[in-house]
Structure formats: structure tokens, C-alpha cells
>>> print(open('run09.tsv').read())   # TSV, C-alpha atoms
chain	number	residue	atom	x	y	z
A	1	MET	CA	162.49	135.83	190.87
A	2	ARG	CA	159.02	136.98	191.84
A	3	HIS	CA	158.57	138.84	188.53
A	4	SER	CA	159.40	135.73	186.48
A	5	PHE	CA	156.91	133.68	188.52
A	6	PHE	CA	154.06	136.05	187.62
A	7	LEU	CA	155.19	136.15	183.99
A	8	LEU	CA	155.14	132.35	183.85
A	9	LEU	CA	151.75	132.24	185.57
A	10	GLY	CA	150.38	134.77	183.06
A	11	LEU	CA	151.62	132.70	180.12
A	12	LEU	CA	150.03	129.55	181.53
A	13	VAL	CA	146.70	131.34	181.94
A	14	LEU	CA	146.82	132.63	178.37
A	15	LEU	CA	147.76	129.27	176.90
A	16	GLY	CA	145.23	127.43	179.04
A	17	CYS	CA	142.37	129.66	177.85
A	18	LYS	CA	143.01	129.14	174.15
A	19	PRO	CA	140.31	126.95	172.52
A	20	ALA	CA	141.57	123.48	171.62
A	21	VAL	CA	140.04	123.53	168.13
A	22	GLU	CA	139.03	126.56	166.08
A	23	THR	CA	135.65	126.61	164.35
A	24	LEU	CA	136.02	127.90	160.78
A	25	ARG	CA	133.22	130.23	159.60
A	26	GLY	CA	132.28	131.38	156.13
A	27	THR	CA	129.71	130.80	153.42
A	28	PRO	CA	128.33	127.28	152.96
A	29	THR	CA	130.17	127.06	149.64
A	30	GLU	CA	133.51	128.03	151.22
A	31	LEU	CA	133.04	125.70	154.18
A	32	SER	CA	132.02	122.76	151.96
A	33	LEU	CA	135.50	122.90	150.42
A	34	VAL	CA	137.39	122.58	153.74
A	35	GLN	CA	139.50	119.41	153.53
A	36	SER	CA	140.44	116.91	156.23
A	37	THR	CA	144.07	116.73	157.31
A	38	GLY	CA	144.27	112.95	157.86
A	39	GLU	CA	145.25	110.18	155.46
A	40	ARG	CA	141.83	110.10	153.86
A	41	GLY	CA	141.11	113.12	151.73
A	42	PHE	CA	137.52	114.30	152.12
A	43	SER	CA	135.74	117.61	152.50
A	44	ALA	CA	133.09	119.08	154.78
A	45	GLY	CA	130.75	118.88	151.77
A	46	ASP	CA	131.40	115.14	151.61
A	47	VAL	CA	130.44	114.81	155.29
A	48	VAL	CA	127.13	116.59	154.67
A	49	THR	CA	126.42	114.39	151.63
A	50	TRP	CA	127.33	111.17	153.48
A	51	ALA	CA	125.00	112.10	156.37
A	52	GLN	CA	121.91	111.79	154.14
A	53	LEU	CA	120.21	114.59	156.09
A	54	ASP	CA	117.05	114.76	153.96
A	55	ASP	CA	116.38	111.07	154.61
A	56	HIS	CA	116.67	111.51	158.38
A	57	PHE	CA	115.20	114.96	158.94
A	58	ARG	CA	112.98	116.12	156.07
A	59	ASP	CA	111.58	113.07	154.29
A	60	ARG	CA	111.83	110.88	157.42
A	61	THR	CA	112.38	107.79	155.22
A	62	VAL	CA	115.15	106.69	157.61
A	63	LYS	CA	114.38	106.58	161.34
A	64	LEU	CA	116.81	108.51	163.51
A	65	GLU	CA	118.17	105.96	165.99
A	66	VAL	CA	120.04	107.42	168.93
A	67	GLY	CA	122.44	105.37	171.06
A	68	GLN	CA	121.17	104.97	174.61
A	69	ALA	CA	124.65	105.03	176.12
A	70	ASP	CA	126.09	108.09	174.37
A	71	GLY	CA	123.16	109.95	172.77
A	72	LYS	CA	124.84	109.83	169.35
A	73	ALA	CA	123.37	108.58	166.05
A	74	LEU	CA	124.83	107.07	162.90
A	75	LEU	CA	123.90	108.94	159.71
A	76	GLY	CA	124.72	107.22	156.46
A	77	ARG	CA	127.66	104.87	157.03
A	78	LEU	CA	130.45	107.35	157.56
A	79	VAL	CA	129.00	110.07	159.79
A	80	LEU	CA	128.26	110.22	163.50
A	81	LEU	CA	125.72	112.77	164.74
A	82	GLU	CA	127.35	113.93	167.94
A	83	ASN	CA	124.22	115.53	169.42
A	84	GLY	CA	121.74	112.89	168.28
A	85	ALA	CA	119.55	112.83	171.40
A	86	GLU	CA	119.03	116.59	171.26
A	87	ALA	CA	118.38	116.44	167.49
A	88	SER	CA	115.73	113.75	168.02
A	89	ASP	CA	114.02	115.86	170.70
A	90	PHE	CA	114.11	118.91	168.40
A	91	LEU	CA	112.62	116.91	165.52
A	92	LYS	CA	109.76	115.65	167.68
A	93	ALA	CA	108.98	119.13	169.00
A	94	HIS	CA	109.52	121.27	165.87
A	95	GLY	CA	109.83	119.06	162.79
A	96	CYS	CA	112.13	120.13	159.98
A	97	VAL	CA	111.37	122.29	156.95
A	98	GLN	CA	114.90	123.35	155.99
A	99	ILE	CA	118.48	122.15	156.26
A	100	SER	CA	121.23	124.76	155.82
A	101	GLY	CA	124.96	124.61	155.85
A	102	PRO	CA	127.62	123.89	156.59
A	103	LYS	CA	127.57	126.73	159.13
A	104	GLY	CA	130.90	125.87	160.75
A	105	VAL	CA	133.74	123.35	160.41
A	106	ARG	CA	136.29	122.13	162.95
A	107	LYS	CA	139.39	120.33	161.67
A	108	LEU	CA	140.34	117.60	164.14
A	109	GLN	CA	143.45	115.39	164.00
A	110	ALA	CA	142.08	113.01	161.34
A	111	ALA	CA	138.41	114.02	161.24
A	112	LEU	CA	136.06	116.89	160.53
A	113	GLU	CA	133.19	118.18	162.65
A	114	VAL	CA	130.65	119.97	160.51
A	115	GLU	CA	127.83	122.14	161.87
A	116	VAL	CA	124.57	122.12	159.91
A	117	GLU	CA	121.43	124.09	160.84
A	118	LEU	CA	117.90	122.67	160.95
A	119	THR	CA	114.89	124.98	160.84
A	120	GLY	CA	111.68	123.70	162.39
A	121	LYS	CA	108.13	124.29	161.16
A	122	ASP	CA	107.76	127.01	163.79
A	123	GLY	CA	111.00	128.81	162.83
A	124	GLN	CA	113.07	127.38	165.69
A	125	LYS	CA	116.66	126.53	164.75
A	126	PHE	CA	119.00	123.74	165.85
A	127	ILE	CA	122.66	123.04	165.05
A	128	LEU	CA	123.58	119.45	164.15
A	129	ILE	CA	127.18	118.41	164.82
A	130	LEU	CA	128.30	115.87	162.21
A	131	LYS	CA	131.61	114.08	162.70
A	132	SER	CA	133.50	111.87	160.27
A	133	ASP	CA	136.99	110.54	159.74
A	134	GLY	CA	136.04	109.05	156.36
A	135	THR	CA	135.66	105.50	157.70
A	136	PRO	CA	132.50	103.55	158.57
A	137	ALA	CA	131.42	104.98	161.93
A	138	GLY	CA	129.47	102.09	163.40
A	139	GLU	CA	131.75	99.18	162.48
A	140	GLY	CA	134.62	97.60	164.32
>>> encode(input="run09.tsv", output="C-alpha cells")
Amino acid sequence: MRHSFFLLLGLLVLLGCKPAVETLRGTPTELSLVQSTGERGFSAGDVVTWAQLDDHFRDRTVKLEVGQADGKALLGRLVLLENGAEASDFLKAHGCVQISGPKGVRKLQAALEVEVELTGKDGQKFILILKSDGTPAGEG
């Protein structure tokens, strides 16, 4: 009886420590091809394209507007920048000379989270977390 209790406890600890979602790693080309698993078929490359990163971070033709309540920002129409407040602070402090990626992709139930790296004028780096389910993010 006691042995089975410890076995069960050990299994619970192992299962409880497993990450909820795995981050896929690879080359930017490989990661760009990762497809969503929901009804809408789109890729990590689509998410990066939809985010219009040059407009927000390099050319600065579109102002990065961060939500006061959640610190997130809408990029393009279909992408939410999950760490928008931190990205805005990074941009103010370091600027942006290069955008690289995707660096990582997480497949969620019906969405993708795509990591993209910014490099500042001083060489500092920052990871953007882009999230999309293929639908307009700020509507509804």
C-alpha cells in the first residue's frame, strides 16, 4: 500500500513538471513552415508577415500602441504582441536595427505563438512573442 502511494506521488510530480506547450526550435526557414492545428490553416511565417514588424520596429511608420490594461499590442490586424509593454520599453532604450526569426514556435490549441528577435543599435537583443489564431485580434 505504502509503495503504491509513493509510486503514484512520483508519477504526479513527473506529470506536473512537464511543460504545457513545447517550443519548437530550428532554422528560421524551418520554423516559418510550422502550421497551425486549428480550422484556419496558416504558418508561423504568415504570423511574422501579418505582424508588419518593419513598420512597427525599424521604419517606425506605425506607432506601437500598447494596451494599458494588459500590456499587449496589436500588430497588423491578425497578430497580438504578447509582450508589448516590454517591447516598447526596449525600443525606446535601444532602437532596432535588425529583426530575425522566427526563433521559436509554440503550437497552441488553435493558435501559434512565434518568437522573433530584435537587435538594438547597441547590440542588445529582445524576443518578441507574436500570437495569432488567424482571425482579427482586436475585433469583437
>>> closest_atom_pairs(input="run09.tsv", of="segment 115-136 of chain A", to="segment 43-55 of chain A", cutoff="8 Å", atoms="all atoms listed in the file", output="JSON lines")
{"residue": "A:Leu130", "atom": "CA", "partner": "A:Val47", "partner_atom": "CA", "distance": 7.3}
{"residue": "A:Lys131", "atom": "CA", "partner": "A:Val47", "partner_atom": "CA", "distance": 7.5}
{"residue": "A:Ser132", "atom": "CA", "partner": "A:Val47", "partner_atom": "CA", "distance": 6.5}
>>> write_last_selection(input="run09.tsv", atoms="C-alpha atoms", output="compact mmCIF listing (two decimals), keeping the file's coordinate frame")
# COMPACT_ATOMS: atom_id res chain seq x y z
CA LEU A 130 128.30 115.87 162.21
CA LYS A 131 131.61 114.08 162.70
CA SER A 132 133.50 111.87 160.27
>>> residues_around(input="run09.tsv", residues="Ser36 of chain A", least_positions_apart="4", cutoff="8 Å", atoms="only C-alpha atoms", output="PyMOL selection string")
chain A and resi 40-44+107-108+110-112
>>> closest_residue(input="run09.tsv", among="A:Gly134, A:Leu91, A:His56, A:Leu24", to="Leu75 of chain A", atoms="only C-alpha atoms")
A:His56
>>> closest_residue(input="run09.tsv", among="A:Leu33, A:Ala137, A:Leu118, A:Cys96", to="Asp59 of chain A", atoms="only C-alpha atoms")
A:Cys96
>>> residues_around(input="run09.tsv", residues="Gln98 of chain A", least_positions_apart="3", cutoff="12 Å", atoms="all atoms listed in the file", output="NGL selection string")
:A and (53-54 or 57-59 or 91 or 94-95 or 101 or 116-127)
>>> closest_residue(input="run09.tsv", among="A:Ile129, A:Gln35, A:Arg106, A:Pro136", to="Lys72 of chain A", atoms="all atoms listed in the file")
A:Ile129
>>> residues_around(input="run09.tsv", residues="Gly26 of chain A", least_positions_apart="3", cutoff="12 Å", atoms="all atoms listed in the file", output="PyMOL selection string")
chain A and resi 23+29-34+101-105+115
>>> residues_around(input="run09.tsv", residues="Asn83 of chain A", least_positions_apart="2", cutoff="8 Å", atoms="only C-alpha atoms", output="list in words")
Gly71, Lys72, Ala73, Leu81, Ala85, Glu86, Ala87, Leu128 and Ile129 of chain A
>>> atom_distance(input="run09.tsv", atom1="atom CA of Val97 of chain A", atom2="atom CA of Asp133 of chain A")
28.3 Å
>>> atom_distance(input="run09.tsv", atom1="atom CA of Val114 of chain A", atom2="atom CA of Thr37 of chain A")
14.2 Å
>>> residues_around(input="run09.tsv", residues="Ser88 of chain A", least_positions_apart="4", cutoff="9 Å", atoms="only C-alpha atoms", output="PyMOL selection string")
chain A and resi 64-66+83-84+92-93
